[in-house]
Structures are given as C-alpha cells and as structure tokens.
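Trainee: What follows is query20.cif, mmCIF, C-alpha atoms and all ligand atoms.
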data_protein
loop_
_atom_site.label_atom_id
_atom_site.label_comp_id
_atom_site.auth_asym_id
_atom_site.auth_seq_id
_atom_site.Cartn_x
_atom_site.Cartn_y
_atom_site.Cartn_z
CA MET A 1 0.00 0.00 0.00
CA ASP A 2 1.45 3.39 -0.91
CA ASP A 3 0.43 5.60 1.98
CA GLY A 4 3.58 7.71 2.12
CA ASN A 5 1.76 10.93 1.32
CA ARG A 6 -1.23 10.09 3.44
CA GLY A 7 1.13 9.62 6.39
CA GLY A 8 2.50 13.11 5.76
CA ASP A 9 -0.95 14.67 5.45
CA LEU A 10 -2.06 12.90 8.59
CA ARG A 11 0.76 14.41 10.56
CA VAL A 12 -0.74 17.86 10.20
CA SER A 13 -4.36 16.90 10.57
CA LEU A 14 -3.78 14.44 13.45
CA ALA A 15 -2.24 17.10 15.71
CA GLN A 16 -5.11 19.46 14.85
CA GLU A 17 -7.72 16.75 15.32
CA LEU A 18 -6.35 15.66 18.69
CA GLU A 19 -6.08 19.23 19.92
CA GLY A 20 -9.55 20.09 18.63
CA ARG A 21 -11.03 17.14 20.53
CA GLY A 22 -9.29 18.09 23.78
CA LEU A 23 -6.45 15.56 23.54
CA GLY A 24 -3.55 18.04 23.32
CA GLY A 25 -1.32 19.33 26.09
CA ALA A 26 0.14 16.21 27.69
CA GLU A 27 3.37 15.86 29.72
CA LEU A 28 3.97 12.39 28.32
CA ALA A 29 2.80 10.38 25.30
CA ILE A 30 2.68 6.60 25.68
CA VAL A 31 2.44 4.12 22.81
CA LEU A 32 1.02 0.79 23.97
CA GLY A 33 2.12 -2.47 22.32
CA SER A 34 0.34 -5.78 21.63
CA GLY A 35 -1.82 -6.93 24.53
CA LEU A 36 -0.61 -4.10 26.80
CA GLY A 37 -3.79 -2.02 26.72
CA ALA A 38 -4.71 -2.12 30.45
CA LEU A 39 -3.13 1.25 31.13
CA ALA A 40 -5.48 3.10 28.78
CA ASP A 41 -8.42 1.96 30.91
CA ALA A 42 -6.76 3.34 34.06
CA LEU A 43 -6.77 6.98 32.92
CA GLU A 44 -9.01 9.37 34.85
CA ASP A 45 -11.17 12.01 33.14
CA ALA A 46 -10.43 10.19 29.90
CA THR A 47 -11.31 11.45 26.43
CA ALA A 48 -10.90 8.95 23.60
CA VAL A 49 -10.92 9.16 19.84
CA ALA A 50 -11.20 5.89 17.91
CA HIS A 51 -8.86 5.59 14.94
CA ASP A 52 -11.81 5.10 12.60
CA GLU A 53 -13.15 8.53 13.60
CA LEU A 54 -9.98 10.10 12.15
CA ASP A 55 -10.21 10.77 8.48
CA GLY A 56 -7.75 8.57 6.58
CA TRP A 57 -6.16 6.98 9.65
CA PRO A 58 -5.44 3.32 8.87
CA ALA A 59 -7.42 0.74 10.84
CA SER A 60 -5.26 -1.66 12.85
CA THR A 61 -5.14 -5.12 11.30
CA VAL A 62 -3.37 -6.71 14.26
CA PRO A 63 -5.31 -8.72 16.86
CA GLY A 64 -4.60 -7.33 20.35
CA HIS A 65 -4.38 -3.72 19.12
CA ALA A 66 -7.50 -1.64 19.91
CA GLY A 67 -7.22 1.44 17.72
CA ARG A 68 -7.67 4.69 19.63
CA PHE A 69 -6.00 7.71 21.19
CA VAL A 70 -6.89 8.34 24.82
CA SER A 71 -6.02 11.40 26.84
CA GLY A 72 -6.47 11.64 30.59
CA THR A 73 -4.84 11.94 33.95
CA LEU A 74 -2.57 9.37 35.55
CA GLU A 75 -1.07 10.07 38.97
CA GLY A 76 -2.19 13.68 38.54
CA ARG A 77 -0.26 14.16 35.25
CA ARG A 78 -1.77 14.63 31.79
CA VAL A 79 -0.87 11.76 29.47
CA LEU A 80 -1.79 10.97 25.89
CA VAL A 81 -1.95 7.28 24.99
CA GLN A 82 -1.87 5.68 21.56
CA GLN A 83 -3.48 2.28 21.86
CA GLY A 84 -2.75 0.40 18.65
CA ARG A 85 0.25 1.48 16.60
CA ILE A 86 0.90 1.29 12.87
CA HIS A 87 3.47 -1.29 11.72
CA LEU A 88 5.63 -1.62 8.61
CA TYR A 89 4.45 -5.23 8.28
CA GLU A 90 0.87 -4.06 7.74
CA GLY A 91 2.12 -2.48 4.52
CA HIS A 92 2.58 1.07 5.82
CA SER A 93 5.45 3.45 5.09
CA PRO A 94 7.96 4.71 7.70
CA ARG A 95 6.16 8.05 7.42
CA ALA A 96 2.83 6.51 8.42
CA VAL A 97 4.48 4.45 11.19
CA THR A 98 5.81 7.68 12.73
CA ALA A 99 2.81 9.94 12.00
CA ALA A 100 1.43 9.76 15.55
CA VAL A 101 4.84 10.50 17.12
CA ARG A 102 5.21 13.46 14.80
CA ALA A 103 1.78 14.71 15.89
CA PHE A 104 2.75 14.36 19.57
CA ALA A 105 5.92 16.42 18.94
CA GLU A 106 3.88 19.02 17.07
CA LEU A 107 1.54 19.27 20.05
CA GLY A 108 4.56 20.03 22.23
CA VAL A 109 4.49 16.78 24.24
CA PRO A 110 8.02 16.66 25.69
CA ARG A 111 8.37 12.93 26.46
CA LEU A 112 7.56 9.72 24.63
CA LEU A 113 7.34 6.29 26.22
CA LEU A 114 7.21 3.43 23.74
CA THR A 115 6.14 -0.06 24.79
CA ASN A 116 6.11 -3.31 22.88
CA ALA A 117 5.88 -7.07 23.10
CA SER A 118 9.08 -8.78 22.10
CA GLY A 119 10.93 -12.07 21.98
CA GLY A 120 13.68 -12.63 24.54
CA LEU A 121 17.23 -13.47 23.49
CA VAL A 122 18.37 -14.23 27.04
CA PRO A 123 17.48 -17.86 27.86
CA GLU A 124 16.88 -17.10 31.56
CA TRP A 125 14.18 -14.49 30.84
CA THR A 126 10.73 -15.99 31.41
CA PRO A 127 7.58 -14.65 29.65
CA GLY A 128 6.43 -11.46 31.39
CA THR A 129 9.99 -10.17 31.99
CA LEU A 130 10.16 -6.40 31.45
CA MET A 131 13.18 -4.85 29.71
CA ARG A 132 14.08 -1.17 29.49
CA ILE A 133 15.50 -0.46 26.04
CA THR A 134 18.86 1.31 26.23
CA ASP A 135 19.59 1.20 22.49
CA HIS A 136 18.48 -0.62 19.34
CA ILE A 137 19.76 -2.25 16.18
CA ASN A 138 17.49 -1.20 13.34
CA PHE A 139 17.24 -4.20 11.00
CA GLN A 140 13.97 -3.03 9.45
CA GLY A 141 15.54 -1.81 6.22
CA ALA A 142 13.62 1.45 6.67
CA ALA A 143 14.33 4.87 8.13
CA PRO A 144 11.81 7.49 9.24
CA LEU A 145 13.62 10.81 8.99
CA GLU A 146 12.82 13.38 6.35
CA ARG A 147 15.05 15.87 4.58
CA GLY A 148 16.38 18.41 7.07
CA GLU A 149 15.93 16.13 10.10
CA SER A 150 18.99 14.57 11.65
CA GLY A 151 19.50 11.69 14.05
CA GLY A 152 22.41 9.75 15.49
CA GLY A 153 23.43 8.34 18.84
CA SER A 154 21.05 6.25 20.91
CA PRO A 155 17.57 7.79 20.70
CA TYR A 156 16.74 6.54 24.21
CA ASP A 157 17.05 9.21 26.88
CA ALA A 158 19.25 8.29 29.86
CA GLU A 159 17.24 10.40 32.30
CA LEU A 160 13.88 8.91 31.35
CA GLY A 161 15.55 5.48 31.51
CA GLU A 162 16.66 6.21 35.06
CA THR A 163 13.15 7.32 35.95
CA LEU A 164 11.84 3.96 34.69
CA ALA A 165 14.46 2.09 36.73
CA ARG A 166 13.63 4.12 39.85
CA ALA A 167 9.90 3.48 39.44
CA ALA A 168 10.54 -0.25 38.99
CA ALA A 169 12.71 -0.42 42.11
CA LYS A 170 10.10 1.47 44.19
CA ALA A 171 7.30 -0.86 43.04
CA ASP A 172 9.48 -3.96 43.45
CA ILE A 173 9.13 -4.83 39.78
CA PRO A 174 12.19 -6.55 38.27
CA LEU A 175 13.33 -4.53 35.26
CA GLU A 176 16.08 -5.76 32.94
CA SER A 177 17.80 -3.49 30.45
CA GLY A 178 19.16 -4.19 27.01
CA VAL A 179 19.34 -3.68 23.27
CA TYR A 180 16.27 -4.12 21.06
CA PHE A 181 16.70 -5.72 17.65
CA ALA A 182 14.02 -4.40 15.26
CA THR A 183 12.90 -6.54 12.33
CA SER A 184 10.28 -5.65 9.73
CA GLY A 185 8.23 -8.85 10.18
CA PRO A 186 5.57 -10.06 9.72
CA ALA A 187 7.27 -13.46 9.97
CA TYR A 188 8.97 -14.32 13.22
CA GLU A 189 12.70 -14.82 12.89
CA THR A 190 14.61 -17.93 11.94
CA PRO A 191 16.88 -19.57 14.53
CA ALA A 192 19.90 -18.41 12.47
CA GLU A 193 18.66 -14.80 12.52
CA ILE A 194 18.28 -15.03 16.29
CA ARG A 195 21.84 -16.38 16.65
CA ALA A 196 23.01 -13.42 14.52
CA ALA A 197 21.04 -10.91 16.65
CA ILE A 198 22.59 -12.34 19.83
CA ALA A 199 26.07 -12.18 18.29
CA MET A 200 25.41 -8.53 17.43
CA GLY A 201 24.67 -7.74 21.06
CA ALA A 202 20.85 -7.69 21.19
CA HIS A 203 18.70 -8.84 24.12
CA ALA A 204 15.18 -8.68 22.66
CA VAL A 205 13.62 -8.81 19.19
CA GLY A 206 10.45 -7.21 17.87
CA MET A 207 8.79 -5.53 14.92
CA SER A 208 8.18 -1.97 16.08
CA THR A 209 9.52 0.90 18.20
CA ALA A 210 12.83 1.71 16.44
CA LEU A 211 11.40 4.11 13.84
CA GLU A 212 9.17 5.85 16.39
CA ALA A 213 12.14 6.27 18.74
CA ILE A 214 14.33 7.71 15.97
CA ALA A 215 11.60 10.17 14.92
CA GLY A 216 10.74 11.24 18.47
CA HIS A 217 14.40 11.82 19.30
CA ALA A 218 15.02 13.77 16.09
CA LEU A 219 12.03 15.98 16.92
CA GLY A 220 13.46 16.82 20.33
CA MET A 221 11.41 14.52 22.58
CA ARG A 222 12.94 12.59 25.47
CA VAL A 223 12.33 8.97 24.48
CA GLY A 224 12.02 5.95 26.77
CA ALA A 225 11.02 2.41 25.85
CA VAL A 226 10.09 -0.83 27.58
CA SER A 227 9.70 -4.31 26.11
CA CYS A 228 7.50 -6.94 27.62
CA ILE A 229 9.24 -10.23 26.81
CA THR A 230 6.36 -12.49 25.82
CA ASN A 231 8.36 -15.53 24.67
CA LEU A 232 11.83 -16.87 24.06
CA ALA A 233 12.86 -16.10 20.48
CA ALA A 234 13.06 -18.71 17.71
CA GLY A 235 15.57 -21.48 18.29
CA LEU A 236 15.71 -20.80 22.04
CA LYS A 237 12.50 -22.74 22.64
CA GLU A 238 11.05 -25.99 21.34
CA ASP A 239 7.65 -25.15 19.88
CA PRO A 240 6.94 -22.60 17.13
CA LEU A 241 5.74 -19.15 18.19
CA SER A 242 2.24 -17.83 17.48
CA HIS A 243 0.80 -14.32 17.68
CA ALA A 244 -1.90 -15.64 20.04
CA GLU A 245 0.86 -16.70 22.48
CA VAL A 246 2.38 -13.20 22.30
CA VAL A 247 -0.95 -11.46 23.00
CA GLU A 248 -1.75 -13.90 25.82
CA ALA A 249 1.59 -13.39 27.57
CA GLY A 250 1.34 -9.62 27.04
CA SER A 251 -2.12 -9.57 28.62
CA ARG A 252 -0.88 -11.56 31.62
CA ALA A 253 1.95 -9.07 32.18
CA SER A 254 -0.31 -6.09 31.45
CA ALA A 255 -1.18 -5.27 35.08
CA GLN A 256 2.47 -5.20 36.18
CA PHE A 257 3.33 -3.19 33.08
CA ALA A 258 0.60 -0.67 33.93
CA CYS A 259 1.98 -0.47 37.47
CA LEU A 260 5.48 0.32 36.13
CA LEU A 261 4.17 3.02 33.80
CA ARG A 262 2.04 4.54 36.56
CA GLY A 263 5.09 4.67 38.85
CA THR A 264 7.16 6.21 36.07
CA VAL A 265 4.59 8.96 35.51
CA SER A 266 4.55 9.82 39.19
CA GLU A 267 8.37 10.00 39.20
CA LEU A 268 8.58 12.52 36.34
CA ASP A 269 10.22 15.83 37.29
N1 LIG B 301 9.97 -11.92 17.46
C1 LIG B 301 9.55 -10.76 16.91
N2 LIG B 301 8.57 -10.05 17.42
C2 LIG B 301 8.00 -10.48 18.55
C3 LIG B 301 8.39 -11.68 19.18
C4 LIG B 301 9.44 -12.44 18.60
O1 LIG B 301 9.85 -13.52 19.10
N3 LIG B 301 7.61 -11.83 20.28
C5 LIG B 301 6.78 -10.75 20.32
N4 LIG B 301 7.00 -9.93 19.28
#
Rewrite the structure from the file as structure tokens, please.

Mentor:
Amino acid sequence: MDDGNRGGDLRVSLAQELEGRGLGGAELAIVLGSGLGALADALEDATAVAHDELDGWPASTVPGHAGRFVSGTLEGRRVLVQQGRIHLYEGHSPRAVTAAVRAFAELGVPRLLLTNASGGLVPEWTPGTLMRITDHINFQGAAPLERGESGGGSPYDAELGETLARAAAKADIPLESGVYFATSGPAYETPAEIRAAIAMGAHAVGMSTALEAIAGHALGMRVGAVSCITNLAAGLKEDPLSHAEVVEAGSRASAQFACLLRGTVSELD
C-alpha cells in the first residue's frame, strides 16, 4: 500500500484533530504495544478518539491492538496514549508508522514512552519479563527521517531510563535493560537470525519501536522504551511461536506493566 503521502498529510491533521477534541497538552505520550492495553483503561477524566473517527487513519489489522488515542490523567499528570500502533508489516510506510509521534511532537508533548511485546534473546528471561530499552539495532531496512531532520546516537534518553528504573525499584518490579533488535516482520525470525542478533549484542527482538524512537528523538522529545518479553525467540524454545501466544503473555503481564508506567509517571520531574 502506498500511503507515504497520506502519512505526511495525517501528521498535520492528526495534531489538529487531537487538539480540537481536547487531547492536546500532555506531559507524556505513551504508545502501547500488543496486549498491553490495560493502562489506557486506568486513565481518569479520559477522552478517547477511535482511529476510525480520524479521516484517513489506517485501521489496525493486528489482533490485540485496539485502535484509539486516549487522553487523561494518571497520577495527577496529563498523558496521551496511543493504543494500537501502525506497523511496517501491515504495509505502511515509515512516514505513516511515525505519523502519531510526529503529531505528539507538534503538540509540544516533551516525552515519549514506547512499549512493545518482544521475543527474549536471554534464555533465563521468562515470559512477562520487562526490559528497558537502552539502544536498538534497526534491521527493518527502513528509516523514518525526512530531509532536514537529523538523528544519530542512541535515541533513548538516559534520564527517562533512570526514571523507569527508579519506578521499577520502588514498586518492586524486576526490570532488565538491554538492546532491542528491530525486524520488519511479519514473519517471526529464523533460529539463524536469532543467533546473529545475539552475536550482534541484542537482548530482545520485535517488529516496532525503532522508527518511532528515531523520529521522536530527532524531533526533540525525550524517548524511553520498555519491552514486555512475551516468549523466548526462535531457536531458544522448542515449539513454534504464534501471535496468540504473544498477546496472551502480554495480557498476563499487562497489570504489572501498567503499574510500572504509573510509577514512572509519578516519578517525572
Ligand atoms: N519476534 C519478533 N517479534 C515479537 C516476538 C518475537 O519472538 N515476540 C513478540 N514480538
């Protein structure tokens, strides 16, 4: 699907639409990954806009992704949540994948917290393990920046990372940290690809997050990211992986995940 221009058009209209419907002005934007939707239901004084109410916004085709933006208060702070992201593997361009992040930046939201479900590359990590992303290896064969925008260095903000770690320690939630290996999907990896990712220094593998992090960082946002490890990656476990297993494990970890994000919001300066 060629939606490159639509993604660009959406960037302008999405910020206006969200603001016009009272969803602007947040201290933090949070993008929720597969099966991790519980947090959106915890917002107080919530206002939601379903993706299908937004002219031209692509409907999510991924089970486990409700499509909506929700704004509300969490721990007394205004947050804006994207529940249901856009993926390259659904046939969308890097521009469309990063359209929401670009809208958040345009609305002046200073921080971006990206979450995802991912496969673990560390054999000891059981499903439900949470990992703070400190850096990534972008193996998606795609880049989100436009002419005049520049990136470089790890897009993940050390200070926001420390806030996540502090919140985890306070809530007694074990939080690993590591490097995220981003693939374009939609197929899960081969065992040989997983061996290569481990050799390259990665700790988790997934099909999202990298482009959004690059765009958010380039647009001046402080970016943090957390993976929920839903399974051991290919070759590290016996049976083949299914999307249903990923959503199931994500949902089971969802409450603890929501607790970590809530703690992080209350720890923001
Ligand atoms: N690989 C890629 N993406 C994923 C995985 C995985 O093992 N688990 C959840 N998302």

Trainee: To one decimal in Å, tell me the separation between atom CA of Asn138 of chain A and atom CA of Arg222 of chain A.

Mentor: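 Answer for the atom CA of Asn138 of chain A to atom CA of Arg222 of chain A separation: 18.9 Å.
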
Trainee: Can you tell me how far atom CA of Ser227 of chain A sits from atom CA of Ile137 of chain A, in Å to one decimal?

Mentor: 14.3 Å

Trainee: Restrict the calculation to only C-alpha atoms and all ligand atoms, then for each residue of chain A with any atom at most 10 Å from an atom of ligand LIG 301 (chain B) give the closest atom pair and their distance in Å to one decimal, rows by chain and rising residue number, as a tab-separated table.

Mentor:
residue	atom	partner	partner_atom	distance
A:Gly33	CA	B:LIG301	N4	9.4
A:Ser34	CA	B:LIG301	N4	8.2
A:Asn116	CA	B:LIG301	N4	7.6
A:Ala117	CA	B:LIG301	C5	4.7
A:Ser118	CA	B:LIG301	C5	3.5
A:Gly119	CA	B:LIG301	O1	3.4
A:Gly120	CA	B:LIG301	O1	6.7
A:Leu121	CA	B:LIG301	O1	8.6
A:Pro127	CA	B:LIG301	N3	9.8
A:Phe181	CA	B:LIG301	C1	8.8
A:Ala182	CA	B:LIG301	C1	7.9
A:Thr183	CA	B:LIG301	C1	7.1
A:Ser184	CA	B:LIG301	C1	8.8
A:Gly185	CA	B:LIG301	C1	7.1
A:Pro186	CA	B:LIG301	C1	8.2
A:Ala187	CA	B:LIG301	C1	7.8
A:Tyr188	CA	B:LIG301	N1	5.0
A:Glu189	CA	B:LIG301	N1	6.1
A:Thr190	CA	B:LIG301	N1	9.4
A:Ile194	CA	B:LIG301	N1	8.9
A:Ala204	CA	B:LIG301	C4	8.0
A:Val205	CA	B:LIG301	C1	5.1
A:Gly206	CA	B:LIG301	N2	3.4
A:Met207	CA	B:LIG301	N2	5.2
A:Ser208	CA	B:LIG301	N2	8.2
A:Ser227	CA	B:LIG301	C5	9.1
A:Cys228	CA	B:LIG301	C5	8.3
A:Ile229	CA	B:LIG301	N3	6.9
A:Thr230	CA	B:LIG301	N3	5.7
A:Asn231	CA	B:LIG301	N3	5.8
A:Leu232	CA	B:LIG301	O1	6.3
A:Ala233	CA	B:LIG301	O1	4.2
A:Ala234	CA	B:LIG301	O1	6.3
A:Gly235	CA	B:LIG301	O1	9.8
A:Leu236	CA	B:LIG301	O1	9.8
A:Pro240	CA	B:LIG301	O1	9.7
A:Leu241	CA	B:LIG301	O1	7.0
A:Ser242	CA	B:LIG301	N3	8.5
A:His243	CA	B:LIG301	C5	7.4
A:Ala244	CA	B:LIG301	C5	10.0
A:Glu245	CA	B:LIG301	N3	8.6
A:Val246	CA	B:LIG301	C5	5.4
A:Val247	CA	B:LIG301	C5	8.2
A:Ala249	CA	B:LIG301	C5	9.3
A:Gly250	CA	B:LIG301	C5	8.7

Trainee: Find the distance between atom CA of Ser93 of chain A and atom CA of Glu106 of chain A and write it in Å to one decimal.

Mentor: 19.7 Å

Trainee: Name the closest residue to Val122 of chain A among the candidates A:Gly67, A:Gly37, A:Gly152, A:Gly201; distances are taken between atoms, counting all atoms listed in the file.

Mentor: A:Gly201

Trainee: Extending 6 Å beyond the listed atoms of segment 16-21 of chain A on each side, what axis-aligned box results? I want centre and edge lengths in Å to one decimal, as AutoDock Vina command-line options.

Mentor:
--center_x -8.1 --center_y 17.9 --center_z 17.7 --size_x 17.9 --size_y 16.4 --size_z 17.7

Trainee: Pick out the closest residue to Leu112 of chain A from this set: A:Gly263, A:Gly178, A:Gly220, A:Pro144. Count all atoms listed in the file.

Mentor: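 Using all atoms listed in the file, Leu112 of chain A sits closest to A:Gly220.
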
Trainee: Out of A:Gln140, A:Ser177, A:Thr98, A:Thr209, which residue has the shortest atom-to-atom distance to Glu162 of chain A when counting all atoms listed in the file?

Mentor: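 Of A:Gln140, A:Ser177, A:Thr98, A:Thr209, the one nearest Glu162 of chain A, counting all atoms listed in the file, is A:Ser177.
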
Trainee: Quick one: residues within 12 Å of Gly20 of chain A, all atoms listed in the file counted, chain neighbours fewer than 6 positions away excluded, as a list in words?

Mentor: Ser13, Leu14, Thr47, Val49, Leu54 and Leu107 of chain A

Trainee: List the spatial neighbours of Met221 of chain A as a list in words - criterion: any atom at most 6 Å away, only C-alpha atoms, same-chain residues fewer than 3 positions off excluded.

Mentor: Pro110, Arg111, Gly216 and His217 of chain A
